[in-house]
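File shown here: upload_28.cif, holding mmCIF, C-alpha atoms.
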```
data_query
#
loop_
_atom_site.label_atom_id
_atom_site.label_comp_id
_atom_site.auth_asym_id
_atom_site.auth_seq_id
_atom_site.Cartn_x
_atom_site.Cartn_y
_atom_site.Cartn_z
CA MET A 1 -88.17 109.13 -67.58
CA SER A 2 -86.17 109.41 -64.39
CA ILE A 3 -83.87 112.18 -63.23
CA ASP A 4 -80.18 111.46 -62.81
CA TRP A 5 -79.77 113.23 -59.44
CA LEU A 6 -76.32 111.71 -58.93
CA ASP A 7 -74.81 113.65 -61.83
CA PHE A 8 -77.12 116.67 -61.53
CA SER A 9 -74.87 119.73 -61.24
CA PRO A 10 -76.89 122.91 -61.83
CA LEU A 11 -74.41 125.30 -60.18
CA PRO A 12 -71.25 124.53 -62.22
CA ALA A 13 -73.50 124.31 -65.28
CA PHE A 14 -74.88 127.79 -64.60
CA VAL A 15 -71.44 129.28 -63.82
CA GLY A 16 -70.01 127.68 -66.98
CA GLY A 17 -72.96 129.16 -68.86
CA LEU A 18 -72.18 132.63 -67.48
CA LEU A 19 -68.58 132.24 -68.72
CA ILE A 20 -69.77 131.13 -72.16
CA GLY A 21 -72.16 134.09 -72.33
CA SER A 22 -69.34 136.44 -71.24
CA ALA A 23 -67.10 135.08 -74.00
CA ALA A 24 -69.79 135.69 -76.61
CA ALA A 25 -70.33 139.17 -75.13
CA CYS A 26 -66.60 139.93 -75.26
CA LEU A 27 -66.37 138.86 -78.90
CA VAL A 28 -69.35 140.88 -80.12
CA LEU A 29 -68.65 144.01 -78.06
CA PHE A 30 -64.94 144.23 -78.90
CA THR A 31 -64.62 142.66 -82.35
CA GLY A 32 -68.23 142.94 -83.55
CA ARG A 33 -68.42 139.24 -84.38
CA ILE A 34 -70.82 136.44 -83.48
CA ALA A 35 -69.34 133.58 -81.43
CA GLY A 36 -70.67 130.85 -83.68
CA ILE A 37 -68.02 128.17 -83.81
CA SER A 38 -69.24 126.34 -86.91
CA GLY A 39 -69.50 129.63 -88.80
CA ILE A 40 -66.04 130.76 -87.67
CA LEU A 41 -64.44 127.47 -88.74
CA GLY A 42 -66.46 127.16 -91.95
CA GLY A 43 -65.52 130.71 -92.91
CA LEU A 44 -61.89 129.58 -93.13
CA PHE A 45 -62.86 127.89 -96.40
CA ARG A 46 -63.98 131.26 -97.79
CA PRO A 47 -60.93 133.52 -97.67
CA GLN A 48 -62.93 136.26 -99.40
CA SER A 49 -65.16 136.57 -96.34
CA GLY A 50 -62.62 138.97 -94.84
CA VAL A 51 -59.83 138.74 -92.34
CA ILE A 52 -58.68 135.26 -91.54
CA GLY A 53 -56.83 136.09 -88.30
CA TRP A 54 -59.69 136.17 -85.82
CA ARG A 55 -61.13 132.98 -87.36
CA LEU A 56 -57.92 131.29 -86.23
CA ALA A 57 -57.48 133.16 -82.95
CA PHE A 58 -60.90 132.29 -81.50
CA PRO A 59 -60.63 128.52 -82.13
CA ALA A 60 -57.02 128.67 -80.87
CA GLY A 61 -58.40 130.01 -77.57
CA LEU A 62 -60.83 127.08 -77.38
CA ILE A 63 -58.02 124.61 -78.05
CA ALA A 64 -55.82 126.27 -75.43
CA ALA A 65 -58.60 126.17 -72.80
CA PRO A 66 -57.81 122.71 -71.34
CA ALA A 67 -54.14 123.67 -70.83
CA VAL A 68 -55.12 126.89 -69.03
CA TYR A 69 -57.77 125.08 -66.98
CA ARG A 70 -55.15 122.50 -65.98
CA GLY A 71 -53.05 125.33 -64.55
CA LEU A 72 -55.88 126.17 -62.14
CA ALA A 73 -57.43 122.81 -61.36
CA ALA A 74 -57.40 119.17 -62.42
CA LEU A 75 -59.25 118.60 -65.69
CA PRO A 76 -62.50 116.67 -65.29
CA GLU A 77 -62.94 113.40 -67.14
CA PHE A 78 -64.13 113.60 -70.76
CA ARG A 79 -65.81 110.31 -71.55
CA ILE A 80 -66.43 109.41 -75.19
CA ASP A 81 -68.28 106.13 -75.51
CA ALA A 82 -68.71 106.22 -79.28
CA GLY A 83 -66.38 104.09 -81.39
CA TRP A 84 -64.34 105.38 -84.31
CA GLY A 85 -66.93 104.60 -86.98
CA VAL A 86 -69.69 106.41 -85.08
CA LEU A 87 -67.35 109.33 -84.37
CA LEU A 88 -66.45 109.72 -88.04
CA THR A 89 -70.11 109.60 -89.09
CA SER A 90 -71.13 111.95 -86.31
CA GLY A 91 -68.36 114.46 -87.09
CA LEU A 92 -69.21 114.47 -90.77
CA LEU A 93 -72.92 115.07 -90.06
CA VAL A 94 -72.11 117.84 -87.56
CA GLY A 95 -69.79 119.55 -90.04
CA LEU A 96 -72.26 119.35 -92.92
CA GLY A 97 -75.38 120.10 -90.89
CA THR A 98 -74.06 123.12 -89.01
CA ARG A 99 -72.87 124.74 -92.24
CA TYR A 100 -76.07 123.95 -94.09
CA GLY A 101 -78.22 125.20 -91.21
CA ALA A 102 -75.84 128.16 -90.67
CA GLY A 103 -75.15 127.54 -87.01
CA CYS A 104 -74.64 125.22 -84.08
CA THR A 105 -75.18 125.24 -80.32
CA SER A 106 -73.11 128.42 -79.99
CA GLY A 107 -74.23 130.47 -82.99
CA HIS A 108 -77.93 129.60 -82.97
CA GLY A 109 -78.12 128.44 -79.35
CA VAL A 110 -76.19 130.97 -77.28
CA CYS A 111 -75.97 133.98 -79.62
CA GLY A 112 -79.17 133.49 -81.63
CA LEU A 113 -81.43 132.99 -78.63
CA SER A 114 -79.73 135.93 -76.87
CA ARG A 115 -80.55 138.09 -79.90
CA LEU A 116 -84.17 136.82 -79.76
CA SER A 117 -83.88 135.55 -83.34
CA TRP A 118 -86.84 133.50 -84.58
CA ARG A 119 -84.65 131.77 -87.11
CA SER A 120 -82.28 130.60 -84.39
CA LEU A 121 -85.14 129.47 -82.15
CA ILE A 122 -86.45 127.25 -84.95
CA ALA A 123 -82.92 125.91 -85.55
CA VAL A 124 -82.41 125.15 -81.83
CA ILE A 125 -85.78 123.37 -81.56
CA THR A 126 -84.92 121.35 -84.67
CA PHE A 127 -81.46 120.20 -83.59
CA MET A 128 -82.58 119.50 -80.01
CA LEU A 129 -85.45 117.37 -81.28
CA ALA A 130 -83.15 115.55 -83.71
CA GLY A 131 -80.66 114.99 -80.87
CA PHE A 132 -83.33 113.66 -78.48
CA LEU A 133 -84.72 111.36 -81.19
CA THR A 134 -81.29 110.05 -82.19
CA VAL A 135 -80.34 109.18 -78.60
CA PHE A 136 -83.75 107.58 -78.07
CA LEU A 137 -83.33 105.51 -81.23
CA VAL A 138 -79.77 104.42 -80.48
CA ARG A 139 -80.13 103.78 -76.74
CA HIS A 140 -83.67 102.53 -76.40
CA LEU A 141 -84.98 101.22 -79.71
CA LEU A 142 -81.81 99.69 -81.08
CA GLY A 143 -80.90 98.85 -77.49
CA GLY A 144 -77.28 99.74 -77.90
CA GLY A 145 -77.16 101.34 -74.49
CA THR A 146 -74.42 103.79 -75.34
CA PRO A 147 -73.58 104.04 -79.04
CA MET B 1 -55.76 143.82 -80.18
CA ASN B 2 -58.54 142.33 -82.27
CA LEU B 3 -56.70 139.00 -82.48
CA LEU B 4 -55.77 138.98 -78.79
CA LEU B 5 -59.37 139.63 -77.72
CA SER B 6 -60.66 136.96 -80.11
CA PHE B 7 -58.21 134.51 -78.55
CA VAL B 8 -59.22 135.51 -75.01
CA ALA B 9 -62.91 135.15 -75.91
CA GLY B 10 -62.21 131.65 -77.25
CA LEU B 11 -60.29 130.82 -74.09
CA ILE B 12 -63.11 131.97 -71.77
CA PHE B 13 -65.61 130.11 -73.96
CA GLY B 14 -63.56 126.91 -73.68
CA VAL B 15 -63.06 127.19 -69.93
CA GLY B 16 -66.81 127.82 -69.62
CA LEU B 17 -67.53 124.63 -71.57
CA ILE B 18 -65.24 122.63 -69.26
CA VAL B 19 -66.70 124.15 -66.07
CA ALA B 20 -70.24 123.59 -67.35
CA GLY B 21 -69.63 119.93 -68.18
CA MET B 22 -70.48 120.56 -71.85
CA ALA B 23 -67.04 119.31 -72.90
CA ASP B 24 -67.84 115.85 -71.50
CA PRO B 25 -69.75 114.02 -74.26
CA SER B 26 -71.20 111.44 -71.83
CA LYS B 27 -72.81 114.33 -69.90
CA VAL B 28 -74.26 115.83 -73.08
CA LEU B 29 -75.75 112.45 -74.01
CA GLY B 30 -77.16 112.25 -70.48
CA PHE B 31 -79.00 115.48 -71.23
CA LEU B 32 -80.23 114.27 -74.62
CA ASP B 33 -81.47 110.98 -73.13
CA LEU B 34 -84.95 112.06 -72.08
CA ALA B 35 -86.26 108.52 -71.88
CA GLY B 36 -83.35 107.24 -69.79
CA ASN B 37 -81.71 108.56 -66.66
CA TRP B 38 -82.10 112.22 -67.64
CA ASN B 39 -79.57 114.81 -66.48
CA PRO B 40 -81.13 118.30 -66.85
CA SER B 41 -77.90 120.16 -65.93
CA LEU B 42 -77.18 121.41 -69.43
CA ALA B 43 -80.37 123.47 -69.46
CA PHE B 44 -78.68 125.57 -66.77
CA VAL B 45 -75.71 126.17 -69.09
CA MET B 46 -78.05 127.71 -71.65
CA ALA B 47 -79.80 129.76 -68.96
CA GLY B 48 -76.49 131.22 -67.74
CA ALA B 49 -75.18 131.90 -71.23
CA ILE B 50 -78.36 133.57 -72.47
CA LEU B 51 -78.65 135.69 -69.31
CA VAL B 52 -75.32 137.38 -70.10
CA GLY B 53 -75.76 137.12 -73.86
CA PHE B 54 -79.13 138.87 -73.84
CA VAL B 55 -77.71 141.93 -72.07
CA ALA B 56 -74.66 142.05 -74.37
CA PHE B 57 -76.61 141.65 -77.62
CA SER B 58 -79.31 144.14 -76.59
CA PHE B 59 -76.48 146.63 -76.19
CA ALA B 60 -74.69 145.55 -79.39
CA LYS B 61 -77.88 145.86 -81.47
CA ARG B 62 -78.02 149.59 -80.73
CA ARG B 63 -74.46 150.22 -81.87
CA ASN B 64 -72.77 150.20 -85.27
CA ARG B 65 -69.21 149.92 -84.04
CA SER B 66 -67.52 147.75 -81.42
CA PHE B 67 -65.35 149.14 -78.61
CA LEU B 68 -62.38 148.60 -80.92
CA GLY B 69 -64.11 150.59 -83.66
CA LEU B 70 -64.85 147.53 -85.80
CA PRO B 71 -68.24 147.12 -87.49
CA ILE B 72 -70.73 145.06 -85.48
CA GLN B 73 -71.79 142.28 -87.83
CA LEU B 74 -75.01 140.65 -86.66
CA PRO B 75 -76.82 138.11 -88.85
CA THR B 76 -79.49 139.76 -90.97
CA SER B 77 -81.24 136.73 -92.45
CA GLY B 78 -84.64 136.00 -90.97
CA LYS B 79 -85.49 133.30 -93.49
CA LEU B 80 -87.09 130.15 -92.14
CA ASP B 81 -86.28 127.88 -95.06
CA ARG B 82 -85.57 124.28 -95.89
CA ARG B 83 -81.83 124.81 -95.54
CA LEU B 84 -82.20 125.91 -91.91
CA ILE B 85 -84.45 123.00 -90.95
CA PHE B 86 -82.62 120.33 -92.95
CA GLY B 87 -79.16 121.47 -91.83
CA SER B 88 -80.16 121.73 -88.18
CA ALA B 89 -81.78 118.28 -88.28
CA VAL B 90 -78.61 116.74 -89.77
CA PHE B 91 -76.54 118.50 -87.11
CA GLY B 92 -78.85 117.21 -84.35
CA ILE B 93 -78.51 113.63 -85.58
CA GLY B 94 -74.72 113.92 -85.60
CA TRP B 95 -74.77 115.55 -82.16
CA GLY B 96 -76.97 112.77 -80.77
CA LEU B 97 -74.64 110.07 -82.08
CA SER B 98 -71.59 111.21 -80.12
CA GLY B 99 -72.64 114.02 -77.76
CA ILE B 100 -70.09 116.35 -79.37
CA CYS B 101 -70.79 119.71 -81.04
CA PRO B 102 -68.23 122.07 -82.63
CA GLY B 103 -67.09 124.03 -79.54
CA PRO B 104 -66.49 121.02 -77.29
CA ALA B 105 -64.81 119.25 -80.25
CA LEU B 106 -62.05 121.88 -80.19
CA VAL B 107 -61.73 121.62 -76.40
CA LEU B 108 -61.32 117.84 -76.71
CA VAL B 109 -58.65 118.42 -79.36
CA GLY B 110 -56.83 120.72 -76.94
CA ALA B 111 -57.12 118.14 -74.17
CA GLY B 112 -55.23 115.75 -76.44
CA ILE B 113 -58.00 113.16 -76.61
CA SER B 114 -57.55 111.03 -79.72
CA LYS B 115 -61.27 110.39 -80.18
CA GLY B 116 -61.78 114.16 -80.06
CA TRP B 117 -59.29 114.52 -82.89
CA ILE B 118 -61.10 111.89 -84.97
CA PHE B 119 -64.38 113.75 -84.51
CA ALA B 120 -62.84 117.16 -85.25
CA ILE B 121 -61.14 115.96 -88.43
CA ALA B 122 -64.41 114.43 -89.67
CA MET B 123 -66.23 117.65 -88.77
CA ILE B 124 -63.80 119.83 -90.72
CA ALA B 125 -64.12 117.38 -93.62
CA GLY B 126 -67.91 117.79 -93.43
CA MET B 127 -67.54 121.57 -93.58
CA ALA B 128 -65.18 121.26 -96.57
CA LEU B 129 -67.69 118.96 -98.26
CA PHE B 130 -70.37 121.62 -97.77
CA GLU B 131 -68.15 124.26 -99.42
CA PHE B 132 -67.42 121.90 -102.29
CA TRP B 133 -71.13 121.19 -102.76
CA GLU B 134 -72.05 124.87 -102.58
CA ARG B 135 -69.55 125.80 -105.27
CA TRP B 136 -69.72 122.92 -107.69
CA GLY B 137 -72.65 120.69 -106.72
CA PRO B 138 -76.20 120.87 -108.07
CA LYS B 139 -78.39 123.46 -106.34
CA PHE B 140 -81.67 122.62 -104.71
CA SER B 141 -84.08 124.59 -102.50
#
```

Output the structure of this file as structure tokens.
Amino acid sequence: MSIDWLDFSPLPAFVGGLLIGSAAACLVLFTGRIAGISGILGGLFRPQSGVIGWRLAFPAGLIAAPAVYRGLAALPEFRIDAGWGVLLTSGLLVGLGTRYGAGCTSGHGVCGLSRLSWRSLIAVITFMLAGFLTVFLVRHLLGGGTP
Amino acid sequence: MNLLLSFVAGLIFGVGLIVAGMADPSKVLGFLDLAGNWNPSLAFVMAGAILVGFVAFSFAKRRNRSFLGLPIQLPTSGKLDRRLIFGSAVFGIGWGLSGICPGPALVLVGAGISKGWIFAIAMIAGMALFEFWERWGPKFS
């Protein structure tokens, strides 16, 4: 293992984290809801789970974020190395897995860990380990470099 | 008011993801690549988010109603079951393949990146497949 000092950016990462935490705080304190993106999106398939409006409004805010950011500063580069086949597979697994495990990086990661939930801690450890292993497999064992 | 604040929360969340570098899949993969040229930055995203989140949720736990008078709905399940582990593992594999998770996927959609759209459409399809399976598929665990 070596550390990538060139791209190491703890300060913007921390400030971005504070913003993410504030967004989750705003949602729970004003609307009483958990900022778990997979749960919010997945809930759209269950109209009986209550009001649909906020489940559209929150994701709409996420989608609008790049446009608003662009009004303040130039957008950074978003580099996606994966090809279409990998992206389709990856998206499908993320959709299925987050619903089956009842949460993703936001719901289990940010909100769950903030609530000191054991269940979320186990989920976070599991998906982090699976993520580390997958990247190791793809980049180092199969030697694909970037998938 | 409820809808407006939900939108604003989503907006702040998305801007936070962009500022943090979480919306750049190559950066996320750099964090997940422990054996390569590891970029630990994303650990600082979690630290910042949980710092604020911990204060907010400690407060929310002691209340029944939000500032808008809506019920505070925190998850109640504490079950550590096969669904949690299996689902999270499947999610982690998918995440490791592309470096994209649900929040950043929506940001990439908003940035008009075609590969982001491909991922997001597949992700929504995966969620639909889950619903289909839950309603009509065979049950296990």

task: Determine the residue membership of the PyMOL selection byres ((chain B and resi 27) around 12) for the file above and supply it as a PyMOL selection string.
output: (chain A and resi 4+6-9+13+76-81+146) or (chain B and resi 17-18+20-26+28-33+37-43+96+98-100+104)

Let me see the file: selected residues, C-alpha atoms, as a short mmCIF file (atom, residue, chain, number, x, y, z; two decimals), in the frame of the given file.
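Written out: part.cif:
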```cif
data_model
loop_
_atom_site.label_atom_id
_atom_site.label_comp_id
_atom_site.auth_asym_id
_atom_site.auth_seq_id
_atom_site.Cartn_x
_atom_site.Cartn_y
_atom_site.Cartn_z
CA ASP A 4 -80.18 111.46 -62.81
CA LEU A 6 -76.32 111.71 -58.93
CA ASP A 7 -74.81 113.65 -61.83
CA PHE A 8 -77.12 116.67 -61.53
CA SER A 9 -74.87 119.73 -61.24
CA ALA A 13 -73.50 124.31 -65.28
CA PRO A 76 -62.50 116.67 -65.29
CA GLU A 77 -62.94 113.40 -67.14
CA PHE A 78 -64.13 113.60 -70.76
CA ARG A 79 -65.81 110.31 -71.55
CA ILE A 80 -66.43 109.41 -75.19
CA ASP A 81 -68.28 106.13 -75.51
CA THR A 146 -74.42 103.79 -75.34
CA LEU B 17 -67.53 124.63 -71.57
CA ILE B 18 -65.24 122.63 -69.26
CA ALA B 20 -70.24 123.59 -67.35
CA GLY B 21 -69.63 119.93 -68.18
CA MET B 22 -70.48 120.56 -71.85
CA ALA B 23 -67.04 119.31 -72.90
CA ASP B 24 -67.84 115.85 -71.50
CA PRO B 25 -69.75 114.02 -74.26
CA SER B 26 -71.20 111.44 -71.83
CA VAL B 28 -74.26 115.83 -73.08
CA LEU B 29 -75.75 112.45 -74.01
CA GLY B 30 -77.16 112.25 -70.48
CA PHE B 31 -79.00 115.48 -71.23
CA LEU B 32 -80.23 114.27 -74.62
CA ASP B 33 -81.47 110.98 -73.13
CA ASN B 37 -81.71 108.56 -66.66
CA TRP B 38 -82.10 112.22 -67.64
CA ASN B 39 -79.57 114.81 -66.48
CA PRO B 40 -81.13 118.30 -66.85
CA SER B 41 -77.90 120.16 -65.93
CA LEU B 42 -77.18 121.41 -69.43
CA ALA B 43 -80.37 123.47 -69.46
CA GLY B 96 -76.97 112.77 -80.77
CA SER B 98 -71.59 111.21 -80.12
CA GLY B 99 -72.64 114.02 -77.76
CA ILE B 100 -70.09 116.35 -79.37
CA PRO B 104 -66.49 121.02 -77.29
#
```

(message) Residue by residue, what does the PyMOL selection byres ((chain A and resi 107-123) around 8) grab here? Present the result as a PyMOL selection string.
(response) (chain A and resi 21+24+34-39+101+103-106+124-127) or (chain B and resi 46+49-51+53-55+57-58+78-80+84-85+88)

Would you kindly translate the PyMOL selection byres ((chain B and resi 130-137) around 8) into the concrete residues it picks from this file, as number ranges by chain? A: 45, 96, 99-100; B: 126-129, 138-139

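The shortest atom-to-atom distance to Leu41 (chain A), with all atoms listed in the file taken into account, belongs to A:Phe58 out of A:Phe58, A:Trp84, A:Phe132, A:Trp5.
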
Across A:Pro47, A:Gly143, A:Gly85, A:Pro59, the smallest distance to chain B, with only C-alpha atoms counted, is shown by A:Pro59

Taking all atoms of region 102-116 of chain B that the file lists and extending 4 Å past them on each side, where is the centre of the axis-aligned box and how long are its edges? Answer in Å to one decimal, as JSON.
```
{"center_x": -61.7, "center_y": 117.2, "center_z": -78.4, "size_x": 21.0, "size_y": 21.6, "size_z": 16.5}
```

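In this structure, CA of Gly10 (chain B) sits 4.8 Å away from CA of Leu62 (chain A).
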
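With CA of Ala9 (chain B) on one side and CA of Cys26 (chain A) on the other, the separation reads 6.1 Å.
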
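Minimum atom-to-atom distance to Ala35 (chain B), evaluated using only C-alpha atoms, belongs to A:His140 out of A:Arg70, A:Arg46, A:Arg33, A:His140.
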
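All residues that come within 10 Å of the coordinates (-73.6, 146.8, -75.5), counting only C-alpha atoms, are given as Ala25, Cys26, Val28, Leu29 and Phe30 of chain A; Phe54, Val55, Ala56, Phe57, Ser58, Phe59, Ala60, Lys61, Arg62, Arg63, Ser66 and Phe67 of chain B.
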
Here CA of Pro12 (chain A) and CA of Val15 (chain B) stand apart by 11.6 Å

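Distances here use all atoms listed in the file; by that measure, the residue among B:Val52, B:Gly110, B:Leu34, B:Val8 closest to Leu129 (chain A) is B:Leu34.
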
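Closest approach to chain B among A:Leu142, A:Leu56, A:Ile3, A:Leu75: A:Ile3, based on all atoms listed in the file.
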
Report task. Can you pull out every residue within 8 Å of Ile63 (chain A), counting only C-alpha atoms, but drop anything in the same chain fewer than 6 positions away, and send it as a ChimeraX atom specification? Result -> /B:11,14,106-111

Around the point (-61.8, 110.1, -89.5) in the file's coordinates, collect all residues with an atom within 8 Å, using only C-alpha atoms, and return them as a tab-separated table (two decimals) with C-alpha atoms, in the frame of the given file.
```
chain	number	residue	atom	x	y	z
A	84	TRP	CA	-64.34	105.38	-84.31
A	85	GLY	CA	-66.93	104.60	-86.98
A	87	LEU	CA	-67.35	109.33	-84.37
A	88	LEU	CA	-66.45	109.72	-88.04
B	118	ILE	CA	-61.10	111.89	-84.97
B	119	PHE	CA	-64.38	113.75	-84.51
B	121	ILE	CA	-61.14	115.96	-88.43
B	122	ALA	CA	-64.41	114.43	-89.67
```
